[in-house]
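Novice: Sharing a structure, written as structure tokens. Questions coming.
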Amino acid sequence: MPMLTRLANPARFMRASSTALPWLGALATGVIAVGLVWGLVFAPPDYQQGESVRIMFVHVPSAWMAMSAYLFIAVASGVALVWRHPLADIAAQAAAPVGAGFTAVCLASGSLWGRPMWGAWWVWDARLTSVLVLFFLYLGYIALVNAFDDRTRGARAGSLLALVGVVNLPIIKFSVDWWNTLHQPASVLRLGAPTIALSMLLPLLVMALGFMLLFGWLVLLRMRAALNERKAHALRLYGQLAAGEPRLPMAPPVADVAARAALR
Amino acid sequence: MTRKQRRLLAVVAGLSLFGASVAMVLAAFSSDLVFFYSPSGLIARDIAPGHRIRIGGIVERHTVVREDDGKTVAFRITDGKTNIAVTYTGILPDLFREGQGVVAEGELLPDGIFAASTILAKHDAKYMPPEVAEELKKTGHWTEGSVPAGRPYVMPAAVR
């Protein structure tokens, strides 16, 4: 925790993340490459589904990341609302398109898997519908944050939406247990031993780790871009002020805590 | 109480209240959120013939019969307590087989037979290589599809 609060300082965050970024990128690429080759080539086919089961190695990790990324956004939004940490809003907003991307991959790969196995591209059962709601929550969050001229007000509204939407996460997770669904129940994250053979579980976990690293890499990249953008914005404003330009900018720099902190 | 604590309290209280209300709504609509009814659930729900519904369960062993036209298939869906006769004309999904989960969409005929217009295969949560499945069958540790057939579905008199 002390390390986290230390990194909450934007200037320190920029220094630490610039060291971590290339490592994260290389690691994510490597782990995903290993996981893909393992899952698509070396893992055995399924006794029922045959080769189609390999869609699982993309579908399941992206579904896990779709939910984890949303949880990340919700926690960051809570921190932003309560403690007003300058980096929390930036982290939440940086993660949103990445999480939306994982959700889109999850929905698309699930559809491709459902057609040959179930006999339908899409059904309106509780699991599929709740994941579609998650996707719309991501889009709604992104739209809401960008709908305000004042960045702080947009961030506040977005944080509230992100927190409200968090009730959807247990609904997604337990939909297959609470209601009759066409989607199968959990094979890995369940009470009791996984119902998936170890030779398939291992590449699945490697892919999950790879997607996690990819998420971390993309979020750091986007956070750094957002901080740099705010810094550039603030510098331009100060430049205009110093040059004695009479017109004041639309968003006064004093409102932007992150930009002021980044300048220090 | 500091302002931070007050904000934390507001967020936690707001979320708990909202979560509780969503939970209550979901519990109230729980029976309408199902994707399909089980054959036993069908009796409890008093569904009249002609309503478009889905039923789901296991394809009962040794009940799949193909008609001479090569397109029509008849079988029974069981949940272990009740079974129901289903007829279907069309292409079956790859995973459709005896002892496996299935969801049929269609309507009840007045004689209690379910006329399906769509058949979806339901996959269980088990994944294993074919060799492992063979081995389990050989050593007698195979439990799949051993669902008791149950009693045939009889349409409740109230809806007939």
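Here's how to read the names in the structure tokens: chain A, B, ... by the order shown, residue numbers from 1 in each chain, ligand numbers from 1 in the order shown.
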Residues of chain A were defined as contacting chain B if any atom lay at most 8 Å from it, counting only C-alpha atoms; please report them as an MDAnalysis selection string.
Specialist: chainID A and resid 44:49 78 81:83 116:120 124:126 163:164 167 179:187 195:197 200
Novice: Export, as an mmCIF file, in the first residue's frame, the selected residues with N, CA and C atoms.
Specialist:
data_model
loop_
_atom_site.group_PDB
_atom_site.id
_atom_site.type_symbol
_atom_site.label_atom_id
_atom_site.label_comp_id
_atom_site.auth_asym_id
_atom_site.auth_seq_id
_atom_site.Cartn_x
_atom_site.Cartn_y
_atom_site.Cartn_z
ATOM 1 N N PRO A 44 -4.757 -31.180 -26.532
ATOM 2 C CA PRO A 44 -5.544 -32.217 -27.213
ATOM 3 C C PRO A 44 -6.922 -31.685 -27.616
ATOM 4 N N PRO A 45 -7.546 -32.316 -28.635
ATOM 5 C CA PRO A 45 -8.935 -31.967 -28.942
ATOM 6 C C PRO A 45 -9.857 -32.506 -27.842
ATOM 7 N N ASP A 46 -11.085 -32.036 -27.817
ATOM 8 C CA ASP A 46 -12.037 -32.468 -26.790
ATOM 9 C C ASP A 46 -12.764 -33.728 -27.257
ATOM 10 N N TYR A 47 -13.172 -34.561 -26.278
ATOM 11 C CA TYR A 47 -13.831 -35.820 -26.648
ATOM 12 C C TYR A 47 -15.206 -35.574 -27.260
ATOM 13 N N GLN A 48 -15.837 -34.415 -26.950
ATOM 14 C CA GLN A 48 -17.147 -34.111 -27.514
ATOM 15 C C GLN A 48 -17.038 -33.101 -28.646
ATOM 16 N N GLN A 49 -16.269 -32.049 -28.416
ATOM 17 C CA GLN A 49 -16.282 -30.909 -29.324
ATOM 18 C C GLN A 49 -15.219 -30.981 -30.406
ATOM 19 N N GLY A 78 -14.151 4.210 -7.439
ATOM 20 C CA GLY A 78 -14.437 4.386 -6.018
ATOM 21 C C GLY A 78 -13.342 5.199 -5.344
ATOM 22 N N LEU A 81 -13.659 8.791 -6.388
ATOM 23 C CA LEU A 81 -14.779 9.502 -5.765
ATOM 24 C C LEU A 81 -14.487 9.828 -4.302
ATOM 25 N N VAL A 82 -13.899 8.865 -3.588
ATOM 26 C CA VAL A 82 -13.746 9.024 -2.141
ATOM 27 C C VAL A 82 -12.467 9.787 -1.803
ATOM 28 N N TRP A 83 -11.343 9.354 -2.378
ATOM 29 C CA TRP A 83 -10.057 9.943 -1.969
ATOM 30 C C TRP A 83 -9.534 10.982 -2.949
ATOM 31 N N PRO A 116 -21.251 -23.738 -34.238
ATOM 32 C CA PRO A 116 -21.076 -25.176 -34.485
ATOM 33 C C PRO A 116 -21.517 -26.060 -33.311
ATOM 34 N N MET A 117 -21.349 -25.605 -32.071
ATOM 35 C CA MET A 117 -21.622 -26.489 -30.937
ATOM 36 C C MET A 117 -23.086 -26.496 -30.545
ATOM 37 N N TRP A 118 -23.663 -25.319 -30.335
ATOM 38 C CA TRP A 118 -25.057 -25.256 -29.898
ATOM 39 C C TRP A 118 -26.030 -25.335 -31.068
ATOM 40 N N GLY A 119 -25.575 -24.747 -32.203
ATOM 41 C CA GLY A 119 -26.480 -24.604 -33.336
ATOM 42 C C GLY A 119 -27.069 -23.213 -33.408
ATOM 43 N N ALA A 120 -26.473 -22.231 -32.722
ATOM 44 C CA ALA A 120 -26.991 -20.862 -32.766
ATOM 45 C C ALA A 120 -25.846 -19.883 -32.554
ATOM 46 N N TRP A 124 -30.709 -15.583 -26.214
ATOM 47 C CA TRP A 124 -30.910 -14.594 -25.148
ATOM 48 C C TRP A 124 -31.000 -15.302 -23.804
ATOM 49 N N ASP A 125 -29.977 -16.035 -23.431
ATOM 50 C CA ASP A 125 -29.995 -16.625 -22.094
ATOM 51 C C ASP A 125 -29.298 -15.674 -21.122
ATOM 52 N N ALA A 126 -29.354 -16.001 -19.837
ATOM 53 C CA ALA A 126 -28.932 -15.032 -18.823
ATOM 54 C C ALA A 126 -27.450 -14.688 -18.948
ATOM 55 N N LEU A 163 -19.569 2.488 -10.805
ATOM 56 C CA LEU A 163 -19.886 1.846 -9.523
ATOM 57 C C LEU A 163 -21.253 1.173 -9.565
ATOM 58 N N VAL A 164 -22.233 1.854 -10.177
ATOM 59 C CA VAL A 164 -23.577 1.268 -10.269
ATOM 60 C C VAL A 164 -23.525 -0.038 -11.075
ATOM 61 N N VAL A 167 -22.843 -4.143 -10.018
ATOM 62 C CA VAL A 167 -23.781 -5.212 -9.633
ATOM 63 C C VAL A 167 -23.919 -6.251 -10.744
ATOM 64 N N TRP A 179 -29.927 -19.484 -12.921
ATOM 65 C CA TRP A 179 -31.005 -19.707 -13.879
ATOM 66 C C TRP A 179 -30.610 -20.807 -14.850
ATOM 67 N N ASN A 180 -31.628 -21.379 -15.521
ATOM 68 C CA ASN A 180 -31.358 -22.287 -16.636
ATOM 69 C C ASN A 180 -30.760 -21.471 -17.765
ATOM 70 N N THR A 181 -29.600 -21.869 -18.239
ATOM 71 C CA THR A 181 -29.006 -21.174 -19.382
ATOM 72 C C THR A 181 -28.534 -22.197 -20.395
ATOM 73 N N LEU A 182 -28.352 -21.753 -21.623
ATOM 74 C CA LEU A 182 -27.763 -22.642 -22.629
ATOM 75 C C LEU A 182 -26.253 -22.707 -22.409
ATOM 76 N N HIS A 183 -25.695 -21.598 -21.960
ATOM 77 C CA HIS A 183 -24.257 -21.555 -21.680
ATOM 78 C C HIS A 183 -23.930 -22.537 -20.556
ATOM 79 N N GLN A 184 -22.811 -23.239 -20.700
ATOM 80 C CA GLN A 184 -22.466 -24.224 -19.677
ATOM 81 C C GLN A 184 -21.988 -23.557 -18.394
ATOM 82 N N PRO A 185 -22.101 -24.264 -17.258
ATOM 83 C CA PRO A 185 -21.598 -23.700 -15.996
ATOM 84 C C PRO A 185 -20.076 -23.645 -15.974
ATOM 85 N N ALA A 186 -19.523 -23.038 -14.911
ATOM 86 C CA ALA A 186 -18.080 -22.820 -14.824
ATOM 87 C C ALA A 186 -17.325 -24.142 -14.750
ATOM 88 N N SER A 187 -16.153 -24.178 -15.438
ATOM 89 C CA SER A 187 -15.310 -25.370 -15.393
ATOM 90 C C SER A 187 -14.088 -25.166 -14.517
ATOM 91 N N THR A 195 -13.353 -29.050 -13.873
ATOM 92 C CA THR A 195 -13.838 -30.180 -14.665
ATOM 93 C C THR A 195 -13.201 -30.159 -16.048
ATOM 94 N N ILE A 196 -11.966 -29.685 -16.088
ATOM 95 C CA ILE A 196 -11.267 -29.606 -17.362
ATOM 96 C C ILE A 196 -9.927 -30.309 -17.194
ATOM 97 N N ALA A 197 -9.559 -31.108 -18.202
ATOM 98 C CA ALA A 197 -8.318 -31.886 -18.109
ATOM 99 C C ALA A 197 -7.120 -30.950 -17.982
ATOM 100 N N MET A 200 -5.522 -29.246 -20.917
ATOM 101 C CA MET A 200 -6.197 -28.084 -21.493
ATOM 102 C C MET A 200 -6.174 -26.903 -20.528
#
Novice: Just want the 12 Å neighbourhood of Arg52 (chain B), counted on only C-alpha atoms, with same-chain residues fewer than 6 positions away dropped. Output as a list in words.
Specialist: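 The residues satisfying every condition are Phe36, Tyr37, Ala104, Glu105, Gly106, Glu107, Leu108, Leu109, Phe114, Ala115, Ala116, Ser117 and Thr118 of chain B.
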Novice: How would you write, as a ChimeraX atom specification, the set of residues in region 27-157 of chain B that DSSP gives as strand (DSSP E)?
Specialist: /B:52-59,65-66,72-78,82-89,101-108,114-122,151-152
Novice: Just N, CA and C atoms for this one: save the residues we selected as a short mmCIF file (atom, residue, chain, number, x, y, z; two decimals), in the first residue's frame.
Specialist:
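Output contents, as saved in part01.cif:
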data_model
loop_
_atom_site.label_atom_id
_atom_site.label_comp_id
_atom_site.auth_asym_id
_atom_site.auth_seq_id
_atom_site.Cartn_x
_atom_site.Cartn_y
_atom_site.Cartn_z
N ARG B 52 -45.38 -20.64 -27.31
CA ARG B 52 -44.01 -20.89 -27.73
C ARG B 52 -43.10 -20.90 -26.50
N ILE B 53 -42.48 -22.05 -26.23
CA ILE B 53 -41.61 -22.16 -25.06
C ILE B 53 -40.36 -22.96 -25.42
N ARG B 54 -39.42 -22.98 -24.47
CA ARG B 54 -38.26 -23.86 -24.62
C ARG B 54 -38.25 -24.86 -23.47
N ILE B 55 -37.92 -26.10 -23.78
CA ILE B 55 -37.72 -27.07 -22.71
C ILE B 55 -36.31 -27.63 -22.84
N GLY B 56 -35.74 -28.00 -21.70
CA GLY B 56 -34.37 -28.50 -21.73
C GLY B 56 -34.19 -29.66 -20.79
N GLY B 57 -33.21 -30.49 -21.08
CA GLY B 57 -32.89 -31.63 -20.24
C GLY B 57 -31.89 -32.51 -20.96
N ILE B 58 -31.90 -33.78 -20.63
CA ILE B 58 -30.99 -34.74 -21.24
C ILE B 58 -31.77 -35.55 -22.28
N VAL B 59 -31.15 -35.82 -23.44
CA VAL B 59 -31.77 -36.71 -24.42
C VAL B 59 -31.73 -38.13 -23.84
N VAL B 65 -35.37 -41.81 -32.50
CA VAL B 65 -35.87 -42.57 -33.64
C VAL B 65 -35.94 -41.64 -34.84
N ARG B 66 -35.31 -42.04 -35.94
CA ARG B 66 -35.39 -41.25 -37.16
C ARG B 66 -36.50 -41.78 -38.04
N THR B 72 -37.07 -36.04 -40.09
CA THR B 72 -37.84 -35.97 -38.85
C THR B 72 -37.24 -36.94 -37.83
N VAL B 73 -37.10 -36.42 -36.62
CA VAL B 73 -36.53 -37.24 -35.56
C VAL B 73 -37.41 -37.11 -34.32
N ALA B 74 -37.59 -38.22 -33.61
CA ALA B 74 -38.37 -38.22 -32.38
C ALA B 74 -37.49 -38.74 -31.25
N PHE B 75 -37.60 -38.11 -30.09
CA PHE B 75 -36.81 -38.57 -28.94
C PHE B 75 -37.51 -38.08 -27.68
N ARG B 76 -36.95 -38.43 -26.53
CA ARG B 76 -37.53 -37.98 -25.27
C ARG B 76 -36.51 -37.16 -24.50
N ILE B 77 -36.95 -36.06 -23.90
CA ILE B 77 -36.10 -35.24 -23.03
C ILE B 77 -36.48 -35.54 -21.60
N THR B 78 -35.46 -35.85 -20.77
CA THR B 78 -35.75 -36.16 -19.38
C THR B 78 -34.93 -35.28 -18.45
N THR B 82 -39.19 -36.47 -14.83
CA THR B 82 -40.25 -36.46 -15.82
C THR B 82 -39.59 -36.52 -17.19
N ASN B 83 -40.21 -37.21 -18.14
CA ASN B 83 -39.71 -37.13 -19.51
C ASN B 83 -40.82 -36.72 -20.44
N ILE B 84 -40.44 -36.14 -21.57
CA ILE B 84 -41.44 -35.63 -22.50
C ILE B 84 -41.02 -36.00 -23.92
N ALA B 85 -41.98 -36.42 -24.72
CA ALA B 85 -41.70 -36.82 -26.10
C ALA B 85 -41.60 -35.58 -26.97
N VAL B 86 -40.59 -35.57 -27.86
CA VAL B 86 -40.33 -34.42 -28.72
C VAL B 86 -40.25 -34.91 -30.16
N THR B 87 -40.84 -34.15 -31.08
CA THR B 87 -40.61 -34.40 -32.49
C THR B 87 -39.98 -33.16 -33.11
N TYR B 88 -39.12 -33.39 -34.11
CA TYR B 88 -38.42 -32.27 -34.73
C TYR B 88 -38.10 -32.63 -36.17
N THR B 89 -38.28 -31.67 -37.06
CA THR B 89 -37.91 -31.87 -38.46
C THR B 89 -36.88 -30.82 -38.83
N GLY B 101 -27.03 -32.94 -22.98
CA GLY B 101 -28.00 -31.89 -22.75
C GLY B 101 -28.55 -31.33 -24.06
N VAL B 102 -29.80 -30.90 -24.02
CA VAL B 102 -30.43 -30.37 -25.23
C VAL B 102 -31.48 -29.35 -24.81
N VAL B 103 -31.68 -28.34 -25.66
CA VAL B 103 -32.76 -27.38 -25.44
C VAL B 103 -33.61 -27.36 -26.70
N ALA B 104 -34.92 -27.56 -26.56
CA ALA B 104 -35.83 -27.59 -27.71
C ALA B 104 -36.77 -26.41 -27.62
N GLU B 105 -36.92 -25.70 -28.75
CA GLU B 105 -37.82 -24.55 -28.79
C GLU B 105 -39.00 -24.92 -29.67
N GLY B 106 -40.21 -24.66 -29.19
CA GLY B 106 -41.39 -25.02 -29.96
C GLY B 106 -42.63 -24.90 -29.11
N GLU B 107 -43.62 -25.78 -29.36
CA GLU B 107 -44.86 -25.69 -28.60
C GLU B 107 -45.40 -27.07 -28.28
N LEU B 108 -46.20 -27.13 -27.23
CA LEU B 108 -46.85 -28.38 -26.85
C LEU B 108 -48.04 -28.61 -27.76
N PHE B 114 -44.21 -32.59 -27.58
CA PHE B 114 -43.61 -31.28 -27.83
C PHE B 114 -43.14 -31.23 -29.27
N ALA B 115 -43.69 -30.31 -30.05
CA ALA B 115 -43.27 -30.14 -31.44
C ALA B 115 -42.20 -29.05 -31.48
N ALA B 116 -40.95 -29.45 -31.71
CA ALA B 116 -39.84 -28.49 -31.68
C ALA B 116 -39.61 -27.90 -33.06
N SER B 117 -39.32 -26.60 -33.10
CA SER B 117 -38.95 -25.98 -34.37
C SER B 117 -37.45 -25.68 -34.41
N THR B 118 -36.82 -25.63 -33.23
CA THR B 118 -35.37 -25.42 -33.15
C THR B 118 -34.81 -26.36 -32.08
N ILE B 119 -33.67 -26.98 -32.38
CA ILE B 119 -32.99 -27.80 -31.38
C ILE B 119 -31.60 -27.20 -31.14
N LEU B 120 -31.30 -26.90 -29.89
CA LEU B 120 -29.97 -26.42 -29.52
C LEU B 120 -29.31 -27.47 -28.64
N ALA B 121 -28.02 -27.74 -28.89
CA ALA B 121 -27.30 -28.69 -28.05
C ALA B 121 -26.72 -27.94 -26.87
N LYS B 122 -26.88 -28.50 -25.69
CA LYS B 122 -26.32 -27.87 -24.49
C LYS B 122 -25.08 -28.65 -24.11
N ARG B 151 -40.95 -40.34 -15.06
CA ARG B 151 -42.31 -40.65 -15.53
C ARG B 151 -42.64 -39.81 -16.76
N PRO B 152 -43.44 -40.35 -17.69
CA PRO B 152 -43.83 -39.55 -18.86
C PRO B 152 -44.64 -38.33 -18.46
#
Novice: Quick one: residues within 10 Å of Gly25 (chain A), only C-alpha atoms counted, chain neighbours fewer than 6 positions away excluded, as a PyMOL selection string?
Specialist: chain A and resi 213-218+221
Novice: Residues as selected, C-alpha atoms, written as a short mmCIF file (atom, residue, chain, number, x, y, z; two decimals), in the first residue's frame, can you do that?
Specialist:
data_model
loop_
_atom_site.label_atom_id
_atom_site.label_comp_id
_atom_site.auth_asym_id
_atom_site.auth_seq_id
_atom_site.Cartn_x
_atom_site.Cartn_y
_atom_site.Cartn_z
CA LEU A 213 -0.09 -8.72 -18.90
CA LEU A 214 -1.53 -7.33 -22.12
CA PHE A 215 -4.15 -5.46 -20.10
CA GLY A 216 -1.51 -4.03 -17.77
CA TRP A 217 0.67 -2.97 -20.68
CA LEU A 218 -2.16 -1.28 -22.60
CA LEU A 221 0.46 2.98 -22.14
#
Novice: CA of Pro110 (chain B) to CA of Phe29 (chain B): how many Å, to one decimal?
Specialist: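 Computed distance, CA of Pro110 (chain B) to CA of Phe29 (chain B), equals 28.2 Å.
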Novice: Which of chain B counts as alpha helix (DSSP H) under DSSP, as a ChimeraX atom specification please?
Specialist: /B:3-28,39-45,130-138
Novice: Take CA of Pro61 (chain A) and CA of Ile73 (chain A) and report the distance between them in Å, one decimal.
Specialist: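 That distance, rounded to one decimal, is 18.0 Å.
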Novice: With only C-alpha atoms as the counted atoms, please give the residues lying no more than 12 Å from region 15-21 of chain A, apart from itself and same-chain residues fewer than 4 positions off, as JSON, numbers by chain.
Specialist: {"A": [3, 4, 6, 7, 8, 9, 10, 11, 25, 26, 27, 28, 213, 214, 215, 216, 217, 218, 219, 220, 221, 222, 223, 224, 225, 227, 262]}
